[in-house]
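Inspection log for the structure reproduced underneath, given as structure tokens.
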Amino acid sequence: MQYSQGSIGRIFTLRLETGDRLPDSIEAFALEHGISRAMVIYVGGAGKGSRVITGPEKNRGDAIIPIVHSLEGLEEVIGVGTLFPNESGEPALHMHAGIGREGDATVGCVRAGVNVWLVGEVIILEILGVTGRRVKDQNGLELLEFGDDV
């Protein structure tokens, strides 16, 4: 286990609208406002054409092939994630979301692109005093790392 202790800094509330996209909108906002590390909560809608990663295709050992699930229509979303800088120092959101409609649900990572439908409410809790960042592993995944060299 790795860890770093910090404290809560600024708190932002955002209203995303139709045409905004996760994770792009949150990462752009973080960059513009100098937020490098945070906890992020999303509540809102997802529009047609949204895509989420719902797991690896299979465990091959040499590569992780993601399963990309496309949403067919309008759906409800609740998501939670973390924001940490990648190796280039840019904010990188890792958010998992539960997405559903009429009793059917999907859970996955929003990195493939979720289109906001109508409204998306976001709470960003800035974390101060931590040193973590996302470092690419041998599979190309940006994993959160802590330590003196990060």
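In the structure tokens, chains take the letters A, B, ... in the order shown, each chain's residues start at 1, and ligands count up from 1 in the order shown.
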
Please provide the set of residues having any atom within 7 Å of stretch 35-52 of chain A, restricted to only C-alpha atoms, with same-chain residues fewer than 5 positions apart removed, written as an NGL selection string. :A and (30 or 68-85 or 91 or 108-127)

Go ahead and save the picked residues with N, CA, C and O atoms, as a short mmCIF file (atom, residue, chain, number, x, y, z; two decimals), in the first residue's frame.
data_model
loop_
_atom_site.label_atom_id
_atom_site.label_comp_id
_atom_site.auth_asym_id
_atom_site.auth_seq_id
_atom_site.Cartn_x
_atom_site.Cartn_y
_atom_site.Cartn_z
N ALA A 30 -9.80 21.99 -14.26
CA ALA A 30 -8.72 21.84 -13.28
C ALA A 30 -7.46 22.56 -13.75
O ALA A 30 -6.81 23.25 -12.96
N VAL A 68 -15.06 -1.49 -24.46
CA VAL A 68 -15.67 -0.18 -24.56
C VAL A 68 -17.16 -0.37 -24.81
O VAL A 68 -17.56 -1.00 -25.79
N HIS A 69 -17.97 0.15 -23.88
CA HIS A 69 -19.43 0.03 -23.97
C HIS A 69 -20.02 1.37 -24.41
O HIS A 69 -19.73 2.40 -23.80
N SER A 70 -20.80 1.37 -25.48
CA SER A 70 -21.45 2.58 -25.97
C SER A 70 -22.88 2.65 -25.44
O SER A 70 -23.60 1.64 -25.48
N LEU A 71 -23.26 3.82 -24.97
CA LEU A 71 -24.63 4.01 -24.48
C LEU A 71 -25.56 4.24 -25.66
O LEU A 71 -25.24 4.97 -26.59
N GLU A 72 -26.74 3.65 -25.58
CA GLU A 72 -27.70 3.72 -26.68
C GLU A 72 -28.55 4.99 -26.66
O GLU A 72 -29.07 5.41 -27.67
N GLY A 73 -28.75 5.57 -25.48
CA GLY A 73 -29.61 6.75 -25.40
C GLY A 73 -29.30 7.55 -24.16
O GLY A 73 -28.19 7.52 -23.63
N LEU A 74 -30.32 8.25 -23.66
CA LEU A 74 -30.16 9.09 -22.47
C LEU A 74 -30.18 8.23 -21.22
O LEU A 74 -31.03 7.35 -21.08
N GLU A 75 -29.24 8.48 -20.31
CA GLU A 75 -29.14 7.68 -19.09
C GLU A 75 -28.76 8.56 -17.91
O GLU A 75 -28.23 9.66 -18.07
N GLU A 76 -29.04 8.05 -16.71
CA GLU A 76 -28.69 8.73 -15.46
C GLU A 76 -27.29 8.28 -15.03
O GLU A 76 -26.92 7.13 -15.24
N VAL A 77 -26.54 9.20 -14.39
CA VAL A 77 -25.15 8.89 -14.03
C VAL A 77 -24.84 9.39 -12.62
O VAL A 77 -25.25 10.48 -12.24
N ILE A 78 -24.12 8.58 -11.88
CA ILE A 78 -23.48 9.01 -10.63
C ILE A 78 -22.05 8.50 -10.69
O ILE A 78 -21.81 7.32 -10.99
N GLY A 79 -21.09 9.39 -10.46
CA GLY A 79 -19.69 8.98 -10.58
C GLY A 79 -18.84 9.60 -9.49
O GLY A 79 -19.16 10.66 -8.96
N VAL A 80 -17.75 8.92 -9.18
CA VAL A 80 -16.78 9.43 -8.22
C VAL A 80 -15.39 9.11 -8.74
O VAL A 80 -15.18 8.07 -9.38
N GLY A 81 -14.47 10.05 -8.52
CA GLY A 81 -13.13 9.83 -9.03
C GLY A 81 -12.09 10.66 -8.34
O GLY A 81 -12.38 11.43 -7.42
N THR A 82 -10.86 10.49 -8.82
CA THR A 82 -9.74 11.25 -8.31
C THR A 82 -9.06 11.95 -9.46
O THR A 82 -9.04 11.47 -10.59
N LEU A 83 -8.48 13.09 -9.16
CA LEU A 83 -7.76 13.89 -10.14
C LEU A 83 -6.34 14.06 -9.63
O LEU A 83 -6.13 14.56 -8.51
N PHE A 84 -5.38 13.60 -10.42
CA PHE A 84 -3.96 13.74 -10.09
C PHE A 84 -3.22 14.05 -11.38
O PHE A 84 -3.66 13.67 -12.47
N PRO A 85 -2.07 14.71 -11.28
CA PRO A 85 -1.32 15.01 -12.50
C PRO A 85 -0.73 13.74 -13.12
O PRO A 85 -0.35 12.81 -12.41
N PRO A 91 -3.61 17.63 -15.37
CA PRO A 91 -4.62 16.94 -14.57
C PRO A 91 -5.20 15.75 -15.33
O PRO A 91 -5.56 15.88 -16.50
N GLY A 108 -18.62 1.64 -15.14
CA GLY A 108 -17.36 1.66 -15.85
C GLY A 108 -16.62 2.96 -15.67
O GLY A 108 -17.08 3.88 -14.99
N CYS A 109 -15.46 3.03 -16.29
CA CYS A 109 -14.59 4.20 -16.24
C CYS A 109 -14.97 5.15 -17.38
O CYS A 109 -15.17 4.71 -18.52
N VAL A 110 -15.05 6.45 -17.09
CA VAL A 110 -15.51 7.44 -18.06
C VAL A 110 -14.44 7.88 -19.06
O VAL A 110 -14.72 8.71 -19.93
N ARG A 111 -13.23 7.33 -18.97
CA ARG A 111 -12.14 7.84 -19.81
C ARG A 111 -12.40 7.71 -21.31
O ARG A 111 -11.77 8.41 -22.11
N ALA A 112 -13.32 6.86 -21.73
CA ALA A 112 -13.63 6.73 -23.15
C ALA A 112 -14.52 7.88 -23.65
O ALA A 112 -14.65 8.07 -24.85
N GLY A 113 -15.12 8.63 -22.72
CA GLY A 113 -15.89 9.82 -23.10
C GLY A 113 -17.37 9.72 -22.84
O GLY A 113 -18.08 8.99 -23.51
N VAL A 114 -17.84 10.46 -21.85
CA VAL A 114 -19.27 10.54 -21.54
C VAL A 114 -19.76 11.93 -21.91
O VAL A 114 -19.24 12.94 -21.43
N ASN A 115 -20.76 11.98 -22.77
CA ASN A 115 -21.36 13.23 -23.21
C ASN A 115 -22.43 13.64 -22.21
O ASN A 115 -23.37 12.88 -21.96
N VAL A 116 -22.30 14.84 -21.66
CA VAL A 116 -23.29 15.32 -20.70
C VAL A 116 -24.59 15.59 -21.45
O VAL A 116 -24.60 16.18 -22.53
N TRP A 117 -25.69 15.12 -20.88
CA TRP A 117 -27.01 15.42 -21.41
C TRP A 117 -27.75 16.31 -20.43
O TRP A 117 -27.86 15.97 -19.25
N LEU A 118 -28.18 17.45 -20.86
CA LEU A 118 -28.96 18.44 -20.12
C LEU A 118 -28.18 19.09 -18.99
O LEU A 118 -27.92 20.27 -19.02
N VAL A 119 -27.80 18.31 -17.99
CA VAL A 119 -27.07 18.89 -16.86
C VAL A 119 -26.17 17.85 -16.20
O VAL A 119 -26.51 16.67 -16.13
N GLY A 120 -25.03 18.31 -15.76
CA GLY A 120 -24.12 17.49 -14.97
C GLY A 120 -23.61 18.33 -13.82
O GLY A 120 -23.04 19.40 -14.04
N GLU A 121 -23.88 17.91 -12.62
CA GLU A 121 -23.41 18.64 -11.45
C GLU A 121 -22.13 17.99 -10.94
O GLU A 121 -22.06 16.78 -10.79
N VAL A 122 -21.13 18.83 -10.67
CA VAL A 122 -19.82 18.34 -10.28
C VAL A 122 -19.38 19.05 -9.00
O VAL A 122 -19.53 20.26 -8.89
N ILE A 123 -18.85 18.28 -8.07
CA ILE A 123 -18.20 18.82 -6.88
C ILE A 123 -16.74 18.41 -6.96
O ILE A 123 -16.43 17.24 -7.15
N ILE A 124 -15.85 19.39 -6.84
CA ILE A 124 -14.41 19.13 -6.83
C ILE A 124 -13.87 19.55 -5.47
O ILE A 124 -13.99 20.72 -5.09
N LEU A 125 -13.31 18.60 -4.75
CA LEU A 125 -12.68 18.86 -3.45
C LEU A 125 -11.18 18.81 -3.65
O LEU A 125 -10.60 17.73 -3.81
N GLU A 126 -10.55 19.96 -3.67
CA GLU A 126 -9.11 20.04 -3.87
C GLU A 126 -8.38 19.42 -2.68
O GLU A 126 -8.76 19.63 -1.53
N ILE A 127 -7.34 18.64 -2.97
CA ILE A 127 -6.54 18.00 -1.92
C ILE A 127 -5.17 18.68 -1.90
O ILE A 127 -4.47 18.69 -2.92
#

Need the shell around A:Phe146: protein/DNA/RNA residues with any atom at most 7 Å away, counting only C-alpha atoms. Skip same-chain ones fewer than 6 positions apart. Format as a PyMOL selection string? chain A and resi 2-4+131-133

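All residues within chain A that the backbone DSSP calculation assigns to alpha helix (DSSP H) are A:Asp24, A:Ser25, A:Ile26, A:Glu27, A:Ala28, A:Phe29, A:Ala30, A:Leu31, A:Glu32.
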
Nearest residue to A:Ile67 out of A:Val135, A:Gly147, A:Val107, A:Glu17, using only C-alpha atoms?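 That would be A:Val107, the residue with the smallest distance to A:Ile67.
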
Going by DSSP on the backbone, which residues of stretch 7-112 of chain A come out as strand (DSSP E or B)? List them as a PyMOL selection string. chain A and resi 7-17+21-22+38-46+51-59+64-70+75-85+91-101+104-109
